[in-house]
Amino acid sequence: MTRAIRLELNGTEVAAVAEGGENLLSLLRGRLGDTSPKAGCLQGTCGACTVLVDGEPVVACLMLAEAVDGRRVTTVRGLADGPRLHPLQEAFMDGFAAQCGFCTPGMLMAAKALLDREPQPTREQVIEAIAGNVCRCTGYTPIVDAILEAARRMAGRRGRVEG
Amino acid sequence: MPLEVRTTSTLSEAASLLQAERTARFLAGGTLLMRAVNEGDVSFSTIVRTTDPAFGRMRAAGGRIELGAGVTMAQILASRELAFLHPVARAVGGPAVRTMATVGGNLFAAHPYGDFATALLALDARLQLASGFGVREMALEEFLQARERGPRQLVTAVSFERPSDPTAFRFRKMTRTHPKGAAVVTIAALVPASGGRVSAARVALGAMAAQPIRARAIERALEGRPLTAEGVAAAVAAAAREGDPPTDALASAWYRRRVVGVVLRRLLLGEV
Ligand SMILES: Cc1cc2nc3c(=O)[nH]c(=O)nc-3n(C[C@H](O)[C@H](O)[C@H](O)COP(=O)(O)OP(=O)(O)OC[C@H]3O[C@@H](n4cnc5c(N)ncnc54)[C@H](O)[C@@H]3O)c2cc1C
Ligand code: FES
Ligand code: FES
């Protein structure tokens, strides 16, 4: 049993055919060619596949693909604005918050979900926001620091635009 | 093996499909069911889901709170009226799991999961169940006791009284990892006090049996006592005799029996 669906992927309308019981991660990576969300555990425990659906973070490996019919999906591929990286990506680079990089797409999307809702988060809120994302390399501190740094830079830019 | 997915626009249609097909499973948030799909579970061949708006509806303003079974942990965290339940919703997985994980699905989550169900048990929640024949109500406690043997029915909503004093509702989950992790033990307690003494306490334990349980010995030991170190001593001692704790990768039954009283004392006395 297959089902034809339409969704908005990183701002572009796309059509796809989902297999019965297929998950969103498989649809994105296998059928839509967006390999930016990573496949780690397929159990919801590692967070490497985190994407946003209508702005909210989900683990794509546990979401039924056809449930995103008519919805807006954002992956890390949609984060940069052309050649200009998102402040989160810049702060991750500057702060060495990625080592092997496998967890990075999920970390970035979990962090984006937080900053969209809470532009000036506390350290506690950042830790809570990435609580479902496992990193085997960094020990988390550089990631938490980078998210806080990105929030500061974004606030600075907003300040300049408004001021 | 590809599955058949049936999307229904009403809850009653979903209930009829589930009843008619023995190999059908209901999909709510999918955080447990999709995991089974990914792992190649062949015990079901059809997935039933619903787009009925009633499934995700909340009535949280009044004294009697009603949550559609499809209400997610994230929805609860976004509701100011349900602030007393925020620590419970936050105890379920990380943010991405909470966007999906539903109240109804939590009632079916096997050990060591079921943190929200544990809280609902302390709140004396009632369930609305739908079958092909109609709708009926059942106490959550009765439902949980029969969960493994009972027929597959669709839970459409849960309801419970808002605690008249929000500080009377207490919740604590002990985990091996922080800030999130599965439960070594979870305790939810409703301990209303009049004149400084507990009356009509309701205490529920998670991860202390195959499913969340009421802790009646603890409740009896609290009756008429003040929430002081001496007042709670008998309840703390009784905690070790509750339930039938499983041994798993997180903790042994032995450890759970020893630690549950410690968690209970901290919860009742408001200690860190
Ligand atoms: C990484 C991770 C961490 C987790 N951490 C926790 C945790 O800390 N605490 C915790 O309690 N849980 C945890 N869970 C388990 C799970 O996310 C929650 O228990 C959640 O509430 C289950 O709801 P769901 O809607 O996703 O269930 P689903 O996967 O949709 O369904 C689960 C089961 O219940 C049945 N079902 C669901 N809804 C209904 C209904 N309305 N009527 C009849 N049957 C129904 C389904 O058929 C299925 O068999 C975790 C899961 C993951 C993947
Ligand atoms: S691959 Fe989805 S959470 Fe690990
Ligand atoms: S950088 Fe390697 S897992 Fe996080």
# chains A, B, ... in the order shown; residues from 1 in each chain; ligands from 1
$ interface_residues --of "chain A" --to "chain B" --cutoff "10 Å" --atoms "only C-alpha atoms" --output "ChimeraX atom specification"
/A:1-3,19-23,41-45,47,49-53,56-64,66-67,109-110,113-114,124,127-133
$ residues_around --residues "A:Ile143" --least-positions-apart "6" --cutoff "10 Å" --atoms "only C-alpha atoms" --output "list in words"
Leu88, Ala91, Phe92, Gly95, Phe96, Ala97, Ala98, Thr104, Met107, Leu108, Ala111, Val126, Ile127, Ile130, Cys135 and Glu149 of chain A
$ closest_residue --among "A:Pro121, A:Gly101, A:Pro142, A:Gly55" --to "ligand 3" --atoms "only C-alpha atoms and all ligand atoms"
A:Gly101
$ residues_near_ligand --ligand "ligand 3" --cutoff "6 Å" --atoms "only C-alpha atoms and all ligand atoms" --output "PyMOL selection string"
chain A and resi 98-103+135-138
$ select_by_dssp --residues "stretch 85-189 of chain B" --states "alpha helix (DSSP H)" --output "list in words"
His86, Pro87, Val88, Ala89, Arg90, Pro95, Ala96, Val97, Arg98, Thr99, Met100, Val103, Gly104, Gly105, Asn106, Asp115, Phe116, Ala117, Thr118, Ala119, Leu120, Leu121, Ala122, Leu140, Glu141, Glu142, Phe143, Leu144 and Gln145 of chain B
$ write_last_selection --atoms "C-alpha atoms" --output "PDB file, in the first residue's frame"
ATOM      1  CA  HIS B  86       4.316  20.270  33.500  1.00  0.00           C
ATOM      2  CA  PRO B  87       6.866  18.322  35.576  1.00  0.00           C
ATOM      3  CA  VAL B  88       5.083  15.132  34.497  1.00  0.00           C
ATOM      4  CA  ALA B  89       4.989  15.966  30.774  1.00  0.00           C
ATOM      5  CA  ARG B  90       8.632  17.081  30.930  1.00  0.00           C
ATOM      6  CA  PRO B  95      11.476  17.633  23.328  1.00  0.00           C
ATOM      7  CA  ALA B  96      11.252  15.825  19.965  1.00  0.00           C
ATOM      8  CA  VAL B  97       9.608  12.793  21.577  1.00  0.00           C
ATOM      9  CA  ARG B  98       7.240  15.074  23.512  1.00  0.00           C
ATOM     10  CA  THR B  99       5.984  16.693  20.294  1.00  0.00           C
ATOM     11  CA  MET B 100       4.667  13.272  19.347  1.00  0.00           C
ATOM     12  CA  VAL B 103      -1.459  10.889  26.835  1.00  0.00           C
ATOM     13  CA  GLY B 104      -3.357   7.864  25.489  1.00  0.00           C
ATOM     14  CA  GLY B 105      -0.209   6.122  24.251  1.00  0.00           C
ATOM     15  CA  ASN B 106       1.372   6.524  27.671  1.00  0.00           C
ATOM     16  CA  ASP B 115       5.221   8.294  33.761  1.00  0.00           C
ATOM     17  CA  PHE B 116       2.129  10.212  32.692  1.00  0.00           C
ATOM     18  CA  ALA B 117      -0.090   7.230  33.461  1.00  0.00           C
ATOM     19  CA  THR B 118       1.417   7.145  36.969  1.00  0.00           C
ATOM     20  CA  ALA B 119       0.402  10.768  37.514  1.00  0.00           C
ATOM     21  CA  LEU B 120      -3.093  10.111  36.144  1.00  0.00           C
ATOM     22  CA  LEU B 121      -3.471   7.223  38.566  1.00  0.00           C
ATOM     23  CA  ALA B 122      -2.737   9.495  41.533  1.00  0.00           C
ATOM     24  CA  LEU B 140      -7.751   4.052  35.004  1.00  0.00           C
ATOM     25  CA  GLU B 141      -6.744   1.700  37.793  1.00  0.00           C
ATOM     26  CA  GLU B 142      -9.100  -1.007  36.567  1.00  0.00           C
ATOM     27  CA  PHE B 143      -7.902  -0.466  32.996  1.00  0.00           C
ATOM     28  CA  LEU B 144      -4.214  -0.789  33.925  1.00  0.00           C
ATOM     29  CA  GLN B 145      -4.773  -3.982  35.892  1.00  0.00           C
TER      30      GLN B 145
END
$ closest_residue --among "B:Val135, B:Ala130, B:Thr156, B:Arg57" --to "ligand 1" --atoms "only C-alpha atoms and all ligand atoms"
B:Thr156
$ residues_around --residues "B:Glu242" --least-positions-apart "5" --cutoff "9 Å" --atoms "only C-alpha atoms" --output "list in words"
Leu205, Met208, Ala209, Ile213, Arg214, Ala215, Arg216, Ala217, Ile218 and Arg257 of chain B
$ closest_residue --among "B:Val158, B:Ala69, B:Ala237, B:Leu77" --to "B:Arg258" --atoms "only C-alpha atoms"
B:Ala237
$ atom_distance --atom1 "atom CA of B:Val48" --atom2 "atom CA of B:Phe26"
4.7 Å
$ select_by_dssp --residues "stretch 55-171 of chain B" --states "strand (DSSP E or B)" --output "PyMOL selection string"
chain B and resi 58-59+64-68+72+102+126-131+134-139+154-161+169-171
$ write_last_selection --atoms "N, CA and C atoms" --output "CSV table (one decimal), in the first residue's frame"
chain,number,residue,atom,x,y,z
B,58,MET,N,-8.3,19.6,24.4
B,58,MET,CA,-8.2,19.7,25.8
B,58,MET,C,-9.3,20.6,26.4
B,59,ARG,N,-9.8,20.2,27.5
B,59,ARG,CA,-10.7,21.1,28.3
B,59,ARG,C,-10.0,21.2,29.6
B,64,ARG,N,-13.1,20.1,36.3
B,64,ARG,CA,-12.9,18.8,35.8
B,64,ARG,C,-12.1,18.9,34.5
B,65,ILE,N,-11.0,18.3,34.4
B,65,ILE,CA,-10.1,18.5,33.3
B,65,ILE,C,-10.3,17.3,32.4
B,66,GLU,N,-10.5,17.5,31.0
B,66,GLU,CA,-10.6,16.4,30.1
B,66,GLU,C,-9.6,16.6,29.0
B,67,LEU,N,-8.8,15.5,28.8
B,67,LEU,CA,-7.8,15.5,27.8
B,67,LEU,C,-8.2,14.4,26.7
B,68,GLY,N,-8.2,14.8,25.4
B,68,GLY,CA,-8.4,13.8,24.4
B,68,GLY,C,-7.1,12.9,24.5
B,72,THR,N,-0.8,15.7,23.2
B,72,THR,CA,0.6,15.4,23.3
B,72,THR,C,1.3,16.0,24.6
B,102,THR,N,1.7,10.9,23.1
B,102,THR,CA,0.4,11.2,23.6
B,102,THR,C,0.1,10.7,25.0
B,126,ARG,N,-10.4,8.9,35.0
B,126,ARG,CA,-11.3,8.0,34.4
B,126,ARG,C,-11.1,8.0,32.8
B,127,LEU,N,-11.3,6.9,32.2
B,127,LEU,CA,-11.0,6.8,30.7
B,127,LEU,C,-12.3,6.7,30.0
B,128,GLN,N,-12.3,7.3,28.8
B,128,GLN,CA,-13.4,7.0,27.9
B,128,GLN,C,-12.9,6.0,26.9
B,129,LEU,N,-13.6,4.9,26.7
B,129,LEU,CA,-13.2,3.9,25.8
B,129,LEU,C,-14.3,3.7,24.7
B,130,ALA,N,-13.8,3.6,23.5
B,130,ALA,CA,-14.8,3.4,22.4
B,130,ALA,C,-14.6,2.0,21.8
B,131,SER,N,-15.6,1.3,21.5
B,131,SER,CA,-15.6,0.1,20.7
B,131,SER,C,-16.6,0.2,19.6
B,134,GLY,N,-20.0,1.3,21.0
B,134,GLY,CA,-20.3,2.6,21.6
B,134,GLY,C,-19.2,3.0,22.6
B,135,VAL,N,-19.6,3.9,23.5
B,135,VAL,CA,-18.6,4.5,24.4
B,135,VAL,C,-18.9,4.1,25.8
B,136,ARG,N,-17.8,3.8,26.6
B,136,ARG,CA,-18.1,3.6,28.0
B,136,ARG,C,-16.9,4.1,28.8
B,137,GLU,N,-17.2,4.3,30.1
B,137,GLU,CA,-16.1,4.8,31.0
B,137,GLU,C,-15.5,3.8,31.9
B,138,MET,N,-14.3,4.0,32.3
B,138,MET,CA,-13.6,3.0,33.2
B,138,MET,C,-12.6,3.7,34.0
B,139,ALA,N,-12.4,3.3,35.3
B,139,ALA,CA,-11.4,3.9,36.1
B,139,ALA,C,-10.0,3.5,35.5
B,154,LEU,N,-10.2,1.3,22.0
B,154,LEU,CA,-9.6,2.7,21.7
B,154,LEU,C,-9.9,3.6,22.9
B,155,VAL,N,-8.9,4.2,23.5
B,155,VAL,CA,-9.1,5.2,24.5
B,155,VAL,C,-9.3,6.5,23.8
B,156,THR,N,-10.4,7.2,24.1
B,156,THR,CA,-10.7,8.4,23.4
B,156,THR,C,-10.3,9.6,24.2
B,157,ALA,N,-10.4,9.5,25.5
B,157,ALA,CA,-10.2,10.7,26.4
B,157,ALA,C,-9.9,10.2,27.8
B,158,VAL,N,-9.3,11.1,28.6
B,158,VAL,CA,-9.1,10.8,30.0
B,158,VAL,C,-9.7,12.1,30.8
B,159,SER,N,-10.2,11.9,32.0
B,159,SER,CA,-10.7,13.1,32.7
B,159,SER,C,-10.4,12.9,34.2
B,160,PHE,N,-10.2,14.0,34.9
B,160,PHE,CA,-9.9,14.0,36.3
B,160,PHE,C,-10.1,15.3,36.9
B,161,GLU,N,-10.3,15.4,38.3
B,161,GLU,CA,-10.5,16.6,39.0
B,161,GLU,C,-9.2,17.4,39.1
B,169,PHE,N,-0.4,18.2,44.8
B,169,PHE,CA,0.0,17.2,43.8
B,169,PHE,C,1.5,17.2,43.7
B,170,ARG,N,2.1,16.1,43.9
B,170,ARG,CA,3.6,16.0,43.9
B,170,ARG,C,4.0,14.9,42.9
B,171,PHE,N,5.1,15.1,42.2
B,171,PHE,CA,5.6,14.2,41.2
B,171,PHE,C,7.1,14.1,41.2
$ residues_around --residues "B:Glu223" --least-positions-apart "5" --cutoff "12 Å" --atoms "only C-alpha atoms" --output "mmCIF file with N, CA and C atoms, in the first residue's frame"
data_model
loop_
_atom_site.group_PDB
_atom_site.id
_atom_site.type_symbol
_atom_site.label_atom_id
_atom_site.label_comp_id
_atom_site.auth_asym_id
_atom_site.auth_seq_id
_atom_site.Cartn_x
_atom_site.Cartn_y
_atom_site.Cartn_z
ATOM 1 N N LEU B 190 -1.074 12.605 45.502
ATOM 2 C CA LEU B 190 -2.008 13.686 45.797
ATOM 3 C C LEU B 190 -2.205 13.637 47.304
ATOM 4 N N VAL B 191 -1.659 14.641 47.991
ATOM 5 C CA VAL B 191 -1.682 14.609 49.459
ATOM 6 C C VAL B 191 -2.348 15.872 50.018
ATOM 7 N N PRO B 192 -3.677 15.935 49.884
ATOM 8 C CA PRO B 192 -4.374 17.105 50.421
ATOM 9 C C PRO B 192 -4.265 17.109 51.947
ATOM 10 N N ALA B 193 -4.037 18.265 52.516
ATOM 11 C CA ALA B 193 -3.904 18.352 53.973
ATOM 12 C C ALA B 193 -4.978 19.278 54.514
ATOM 13 N N SER B 194 -5.608 18.855 55.604
ATOM 14 C CA SER B 194 -6.500 19.793 56.287
ATOM 15 C C SER B 194 -6.031 19.891 57.731
ATOM 16 N N GLY B 196 -3.140 20.748 58.587
ATOM 17 C CA GLY B 196 -1.772 20.238 58.675
ATOM 18 C C GLY B 196 -1.678 18.721 58.616
ATOM 19 N N ARG B 197 -2.828 18.032 58.462
ATOM 20 C CA ARG B 197 -2.786 16.566 58.408
ATOM 21 C C ARG B 197 -3.315 16.058 57.068
ATOM 22 N N VAL B 198 -2.663 15.021 56.570
ATOM 23 C CA VAL B 198 -3.041 14.469 55.269
ATOM 24 C C VAL B 198 -4.386 13.771 55.377
ATOM 25 N N SER B 199 -5.264 14.044 54.415
ATOM 26 C CA SER B 199 -6.508 13.277 54.391
ATOM 27 C C SER B 199 -6.808 12.853 52.960
ATOM 28 N N ALA B 200 -7.188 11.603 52.802
ATOM 29 C CA ALA B 200 -7.513 11.006 51.490
ATOM 30 C C ALA B 200 -6.347 11.102 50.506
ATOM 31 N N ALA B 201 -5.177 10.628 50.925
ATOM 32 C CA ALA B 201 -4.013 10.629 50.029
ATOM 33 C C ALA B 201 -4.207 9.595 48.934
ATOM 34 N N ARG B 202 -3.670 9.908 47.758
ATOM 35 C CA ARG B 202 -3.613 8.929 46.665
ATOM 36 C C ARG B 202 -2.178 8.907 46.160
ATOM 37 N N VAL B 203 -1.562 7.749 46.204
ATOM 38 C CA VAL B 203 -0.165 7.635 45.800
ATOM 39 C C VAL B 203 -0.057 6.561 44.721
ATOM 40 N N ARG B 216 -1.463 1.443 48.132
ATOM 41 C CA ARG B 216 -2.458 1.608 49.207
ATOM 42 C C ARG B 216 -1.849 1.564 50.599
ATOM 43 N N ALA B 217 -0.781 0.794 50.765
ATOM 44 C CA ALA B 217 -0.151 0.743 52.094
ATOM 45 C C ALA B 217 0.463 2.105 52.431
ATOM 46 N N ILE B 218 1.044 2.739 51.445
ATOM 47 C CA ILE B 218 1.596 4.085 51.663
ATOM 48 C C ILE B 218 0.459 5.047 52.004
ATOM 49 N N GLY B 231 6.108 12.190 60.691
ATOM 50 C CA GLY B 231 4.785 11.904 60.135
ATOM 51 C C GLY B 231 4.828 10.961 58.947
ATOM 52 N N VAL B 232 5.904 11.030 58.121
ATOM 53 C CA VAL B 232 5.942 10.214 56.907
ATOM 54 C C VAL B 232 6.722 8.901 57.107
ATOM 55 N N ALA B 234 6.265 6.066 58.655
ATOM 56 C CA ALA B 234 5.570 4.791 58.434
ATOM 57 C C ALA B 234 5.309 4.570 56.945
ATOM 58 N N ALA B 235 4.977 5.640 56.241
ATOM 59 C CA ALA B 235 4.731 5.527 54.797
ATOM 60 C C ALA B 235 6.018 5.148 54.068
#
